[in-house]
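As stored in my_file_35.txt (compact mmCIF, C-alpha atoms):
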# COMPACT_ATOMS: atom_id res chain seq x y z
CA MET W 24 -1.24 -16.20 -25.92
CA ILE W 25 -4.50 -17.86 -24.80
CA VAL W 26 -3.70 -17.11 -21.16
CA VAL W 27 -2.97 -13.45 -21.91
CA THR W 28 -6.15 -13.12 -24.00
CA GLY W 29 -8.18 -14.70 -21.22
CA ALA W 30 -6.62 -12.31 -18.72
CA VAL W 31 -7.56 -9.28 -20.80
CA VAL W 32 -11.15 -10.49 -21.19
CA SER W 33 -11.43 -11.27 -17.47
CA LEU W 34 -10.19 -7.81 -16.54
CA GLN W 35 -12.96 -6.00 -18.41
CA PRO W 36 -15.33 -4.31 -15.93
CA ASP W 37 -18.74 -5.99 -15.65
CA GLY W 38 -20.53 -3.04 -14.07
CA GLU W 39 -20.04 -0.29 -11.56
CA VAL W 40 -16.49 0.03 -10.28
CA LYS W 41 -16.06 0.23 -6.50
CA THR W 42 -14.67 3.46 -5.09
CA LYS W 43 -13.53 4.51 -1.60
CA GLU W 44 -15.19 6.87 0.88
CA VAL W 45 -11.98 7.79 2.71
CA PRO W 46 -9.13 9.51 0.81
CA LEU W 47 -5.94 7.46 0.77
CA THR W 48 -3.88 10.23 2.37
CA ARG W 49 -6.21 10.32 5.36
CA ALA W 50 -6.20 6.53 5.65
CA LEU W 51 -2.39 6.54 5.87
CA GLU W 52 -1.96 9.40 8.35
CA ARG W 53 -1.06 7.06 11.23
CA LEU W 54 1.36 4.17 10.68
CA GLY W 55 2.36 2.69 14.00
CA SER W 56 5.14 4.71 15.59
CA TRP W 57 5.98 6.55 12.34
CA GLU W 58 5.20 10.26 12.32
CA CYS W 59 3.85 11.75 9.11
CA VAL W 60 5.92 14.90 8.50
CA GLY W 61 4.50 15.97 5.16
CA ALA W 62 2.21 15.15 2.24
CA ARG W 63 3.08 16.28 -1.27
CA GLN W 64 0.56 17.23 -3.94
CA LEU W 65 1.30 16.06 -7.46
CA GLU W 66 0.85 18.42 -10.36
CA GLU W 67 -2.42 18.01 -12.25
CA GLY W 68 -0.52 16.99 -15.36
CA VAL W 69 1.23 14.18 -13.50
CA VAL W 70 -2.06 12.94 -12.00
CA ALA W 71 -3.59 12.94 -15.47
CA ALA W 72 -0.60 11.22 -17.07
CA LEU W 73 -0.68 8.44 -14.45
CA ASP W 74 -4.49 8.25 -14.72
CA LEU W 75 -4.74 8.16 -10.92
CA ASP W 76 -8.02 7.66 -9.07
CA ASP W 77 -6.36 8.43 -5.73
CA TYR W 78 -2.83 8.67 -4.42
CA ALA W 79 -0.69 9.32 -1.38
CA TYR W 80 2.76 10.92 -1.54
CA MET W 81 3.85 11.18 2.08
CA ARG W 82 6.97 11.47 4.20
CA TYR W 83 7.41 9.69 7.52
CA LYS W 84 9.96 9.97 10.30
CA LYS W 85 10.97 7.63 13.11
CA ASN W 86 13.89 8.67 15.28
CA ASN W 87 16.45 9.86 12.70
CA ASP W 88 15.14 7.71 9.84
CA ILE W 89 13.08 9.04 6.95
CA VAL W 90 10.91 7.06 4.52
CA SER W 91 9.00 8.59 1.61
CA LEU W 92 5.91 6.66 0.51
CA TYR W 93 4.12 6.88 -2.80
CA VAL W 94 0.95 4.91 -3.50
CA GLY W 95 -0.90 5.31 -6.78
CA TYR W 96 -4.37 3.75 -6.52
CA TYR W 97 -6.76 2.67 -9.25
CA PHE W 98 -10.38 1.61 -8.89
CA SER W 99 -10.63 -0.05 -12.31
CA SER W 100 -8.81 -3.04 -13.78
CA LEU W 101 -8.67 -1.15 -17.08
CA LYS W 102 -6.04 1.09 -15.50
CA ILE W 103 -3.73 -1.75 -14.50
CA GLY W 104 -0.31 -1.03 -15.94
CA ALA W 105 -0.83 2.75 -15.82
CA ALA W 106 1.82 3.02 -13.10
CA HIS W 107 5.40 3.52 -14.28
CA ASP W 108 7.79 0.74 -13.28
CA PRO W 109 10.83 2.31 -11.56
CA MET W 110 13.10 0.30 -13.86
CA VAL W 111 11.68 2.40 -16.70
CA CYS W 112 11.13 5.83 -15.19
CA PHE W 113 14.23 6.13 -12.96
CA PRO W 114 16.83 5.57 -15.73
CA GLY W 115 14.69 7.77 -17.98
CA GLN W 116 15.10 10.60 -15.44
CA GLY W 117 18.87 10.18 -15.30
CA TRP W 118 19.17 7.92 -12.26
CA LYS W 119 21.78 5.15 -12.30
CA VAL W 120 20.20 1.90 -11.08
CA SER W 121 22.20 -0.86 -9.39
CA GLU W 122 21.94 -3.68 -6.84
CA ARG W 123 18.60 -4.97 -8.05
CA SER W 124 17.03 -7.74 -5.99
CA ARG W 125 13.79 -9.07 -4.55
CA GLY W 126 12.78 -9.71 -0.98
CA ARG W 127 9.94 -10.73 1.31
CA VAL W 128 8.89 -9.56 4.73
CA ALA W 129 6.53 -11.36 7.10
CA VAL W 130 4.09 -8.70 8.26
CA ARG W 131 2.23 -11.05 10.60
CA PRO W 132 1.43 -14.79 10.66
CA GLY W 133 -0.02 -15.76 7.30
CA MET W 134 0.71 -12.38 5.68
CA THR W 135 3.85 -11.82 3.61
CA VAL W 136 4.74 -8.95 1.30
CA GLY W 137 7.03 -9.65 -1.63
CA TYR W 138 8.79 -6.68 -3.21
CA SER W 139 11.40 -5.58 -5.72
CA MET W 140 14.34 -3.49 -4.55
CA MET W 141 17.09 -1.44 -6.14
CA THR W 142 19.60 1.30 -5.41
CA ALA W 143 19.27 4.49 -7.45
CA GLN W 144 21.83 7.30 -7.68
CA LEU W 145 21.58 10.77 -9.20
CA GLY W 146 24.75 12.80 -8.71
CA GLU W 147 25.61 12.57 -5.00
CA LYS W 148 22.08 11.52 -4.05
CA ARG W 149 21.52 7.81 -3.34
CA SER W 150 18.28 6.10 -2.42
CA LEU W 151 17.00 2.62 -1.70
CA ILE W 152 13.86 2.03 -3.76
CA VAL W 153 11.44 -0.70 -2.64
CA TYR W 154 8.26 -1.31 -4.63
CA TRP W 155 5.48 -3.70 -5.56
CA PHE W 156 2.24 -3.88 -7.56
CA GLN W 157 -0.92 -4.51 -5.55
CA ALA W 158 -3.93 -6.51 -6.82
CA HIS W 159 -6.65 -6.15 -4.16
CA ASP W 160 -5.00 -7.91 -1.16
CA SER W 161 -2.15 -9.43 -3.17
CA PRO W 162 1.31 -7.77 -3.45
CA ASN W 163 3.21 -8.67 -6.62
CA THR W 164 6.76 -8.00 -7.78
CA SER W 165 5.79 -7.41 -11.43
CA THR W 166 2.90 -6.04 -13.47
CA PHE W 167 2.49 -9.42 -15.18
CA THR W 168 1.82 -11.30 -11.93
CA GLN W 169 -0.34 -8.37 -10.77
CA LYS W 170 -2.59 -8.79 -13.81
CA LEU W 171 -2.92 -12.53 -13.23
CA ALA W 172 -3.66 -12.03 -9.54
CA LEU W 173 -6.30 -9.39 -10.23
CA ILE W 174 -8.26 -11.85 -12.40
CA TRP W 175 -8.81 -14.10 -9.39
CA LYS W 176 -9.32 -11.23 -6.95
CA LYS W 177 -12.03 -9.82 -9.19
CA VAL W 178 -13.83 -13.18 -9.20
CA ILE W 179 -13.44 -13.80 -5.47
CA TYR W 180 -13.98 -10.29 -4.10
CA ASN W 181 -15.76 -8.55 -6.99
CA ASP W 182 -13.17 -5.80 -6.66
CA GLU W 183 -10.86 -4.37 -9.32
CA GLY W 184 -8.78 -2.21 -6.96
CA ASN W 185 -5.08 -2.16 -7.81
CA ALA W 186 -2.11 -0.01 -6.89
CA PHE W 187 1.56 0.74 -7.23
CA VAL W 188 3.46 1.11 -3.94
CA ARG W 189 6.95 2.61 -3.66
CA LEU W 190 9.19 3.37 -0.69
CA THR W 191 12.17 5.71 -1.07
CA ILE W 192 14.80 5.70 1.67
CA PRO W 193 17.75 8.13 1.50
CA ILE W 194 21.12 6.39 1.82
CA ASP W 195 23.82 8.11 3.84
CA ASP W 196 27.01 6.52 5.15
CA GLY W 197 25.37 3.68 7.08
CA PRO W 198 25.54 0.00 6.08
CA MET W 199 23.08 -1.07 3.39
CA GLU W 200 21.67 -3.71 5.73
CA HIS W 201 20.36 -0.92 7.95
CA TYR W 202 18.30 0.55 5.10
CA ARG W 203 16.99 -2.86 4.05
CA GLN W 204 15.90 -3.57 7.62
CA LEU W 205 14.35 -0.11 7.81
CA ALA W 206 12.26 -0.88 4.72
CA GLY W 207 11.07 -4.11 6.32
CA MET W 208 10.11 -2.34 9.55
CA PHE W 209 8.18 0.31 7.64
CA ILE W 210 6.30 -2.29 5.58
CA LYS W 211 5.25 -4.09 8.77
CA ASP W 212 3.62 -0.90 10.05
CA PHE W 213 2.30 0.31 6.70
CA TYR W 214 0.84 -2.79 5.10
CA PRO W 215 -1.91 -3.71 7.60
CA VAL W 216 -3.17 -0.11 7.51
CA PHE W 217 -3.05 -0.06 3.71
CA LEU W 218 -4.83 -3.41 3.54
CA THR W 219 -7.67 -2.03 5.68
CA TYR W 220 -8.09 0.71 3.08
CA VAL W 221 -7.95 -1.81 0.21
CA GLU W 222 -10.61 -4.04 1.79
CA SER W 223 -12.93 -1.20 2.81
Write-out of the structure in structure tokens:
Amino acid sequence: MIVVTGAVVSLQPDGEVKTKEVPLTRALERLGSWECVGARQLEEGVVAALDLDDYAYMRYKKNNDIVSLYVGYYFSSLKIGAAHDPMVCFPGQGWKVSERSRGRVAVRPGMTVGYSMMTAQLGEKRSLIVYWFQAHDSPNTSTFTQKLALIWKKVIYNDEGNAFVRLTIPIDDGPMEHYRQLAGMFIKDFYPVFLTYVES
């Protein structure tokens, strides 16, 4: 209880919250060899419900593979937890969730991204969902660890930036290992670009 109370107190803004000069969608236009083939605009009601400061909802293609990326970004620590965990919102929208797991991918020496992963099915549609909760430069597999990480990031970097990151990969008839590897390849191209935005 003391730890949680301390975390809440530490996450209160001390002054002006940092914002970004470059929109997130523009920052993520180029991701290695992935081609951006579309950016979706969320309805105003959805943006308001998620209390978003900025977001990117984009679709990328590489050869015959497609990855949809959603990033909801928040400038203030007071908004941490505003993002909907897929384990809550997907079943609530009728999706059947299975094959839950966690994984890690080495992006480059000294930089690793940990993530949660699950398979979601709605009717005949199946998708691999990969997601994490960002606290400044720290990816976390849960909102609890995100909150703890943001305490230290706020002290070290004087930055309250936090985000929810989700990849959606359509599953066809290929082996599941292909889609897991595809997620890892995408993260390797995406994360350094995203981190440049976070640290700007």
Query raised in the report: Between W:Ala186, W:Ala206, W:Met81, W:Met141, which is the closest to Gly95 (chain W) once you count all atoms listed in the file?
Result: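 Checking each candidate against Gly95 (chain W), we get W:Ala186 as the closest.
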Give as a PDB file with C-alpha atoms, in the frame of the given file each residue that has an atom at most 12 Å from (19.2, 1.0, 5.8) in the file, counting only C-alpha atoms.
ATOM      1  CA  ASN W  87      16.450   9.860  12.700  1.00  0.00           C
ATOM      2  CA  ASP W  88      15.140   7.710   9.840  1.00  0.00           C
ATOM      3  CA  ILE W  89      13.080   9.040   6.950  1.00  0.00           C
ATOM      4  CA  VAL W  90      10.910   7.060   4.520  1.00  0.00           C
ATOM      5  CA  THR W 142      19.600   1.300  -5.410  1.00  0.00           C
ATOM      6  CA  ARG W 149      21.520   7.810  -3.340  1.00  0.00           C
ATOM      7  CA  SER W 150      18.280   6.100  -2.420  1.00  0.00           C
ATOM      8  CA  LEU W 151      17.000   2.620  -1.700  1.00  0.00           C
ATOM      9  CA  ILE W 152      13.860   2.030  -3.760  1.00  0.00           C
ATOM     10  CA  VAL W 153      11.440  -0.700  -2.640  1.00  0.00           C
ATOM     11  CA  THR W 191      12.170   5.710  -1.070  1.00  0.00           C
ATOM     12  CA  ILE W 192      14.800   5.700   1.670  1.00  0.00           C
ATOM     13  CA  PRO W 193      17.750   8.130   1.500  1.00  0.00           C
ATOM     14  CA  ILE W 194      21.120   6.390   1.820  1.00  0.00           C
ATOM     15  CA  ASP W 195      23.820   8.110   3.840  1.00  0.00           C
ATOM     16  CA  ASP W 196      27.010   6.520   5.150  1.00  0.00           C
ATOM     17  CA  GLY W 197      25.370   3.680   7.080  1.00  0.00           C
ATOM     18  CA  PRO W 198      25.540   0.000   6.080  1.00  0.00           C
ATOM     19  CA  MET W 199      23.080  -1.070   3.390  1.00  0.00           C
ATOM     20  CA  GLU W 200      21.670  -3.710   5.730  1.00  0.00           C
ATOM     21  CA  HIS W 201      20.360  -0.920   7.950  1.00  0.00           C
ATOM     22  CA  TYR W 202      18.300   0.550   5.100  1.00  0.00           C
ATOM     23  CA  ARG W 203      16.990  -2.860   4.050  1.00  0.00           C
ATOM     24  CA  GLN W 204      15.900  -3.570   7.620  1.00  0.00           C
ATOM     25  CA  LEU W 205      14.350  -0.110   7.810  1.00  0.00           C
ATOM     26  CA  ALA W 206      12.260  -0.880   4.720  1.00  0.00           C
ATOM     27  CA  GLY W 207      11.070  -4.110   6.320  1.00  0.00           C
ATOM     28  CA  MET W 208      10.110  -2.340   9.550  1.00  0.00           C
ATOM     29  CA  PHE W 209       8.180   0.310   7.640  1.00  0.00           C
TER      30      PHE W 209
END
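Among W:Phe167, W:Tyr138, W:Phe187, W:Tyr180, the residue with the shortest atom-to-atom distance to Tyr97 (chain W), counting all atoms listed in the file, is W:Phe187.
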Requested in this report: Find the spatial neighbours of Gln169 (chain W), counting all atoms listed in the file, within a cut-off of 9 Å - ignore same-chain residues fewer than 4 positions away - and output them as a PyMOL selection string.
Outcome: chain W and resi 103-104+156-158+161-165+173-174+185
**Report entry** Long-range neighbours of region 40-43 of chain W as a count of residues only, 8 Å cut-off, all atoms listed in the file, 3 positions minimum in chain
**Finding:** 8
Requested in this report: Enter the distance from CA of Trp118 (chain W) to CA of Glu58 (chain W), in Å, rounded to one decimal.
Outcome: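 Spanning CA of Trp118 (chain W) to CA of Glu58 (chain W) is a straight-line distance of 28.4 Å.
The closest residue to His107 (chain W), picked from W:Thr219, W:Thr166, W:Ser56, W:Asn181 and counting only C-alpha atoms, is W:Thr166.
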Query raised in the report: What is the CA of Met110 (chain W)-CA of Val136 (chain W) distance in Å, reported with one decimal?
Result: 19.6 Å
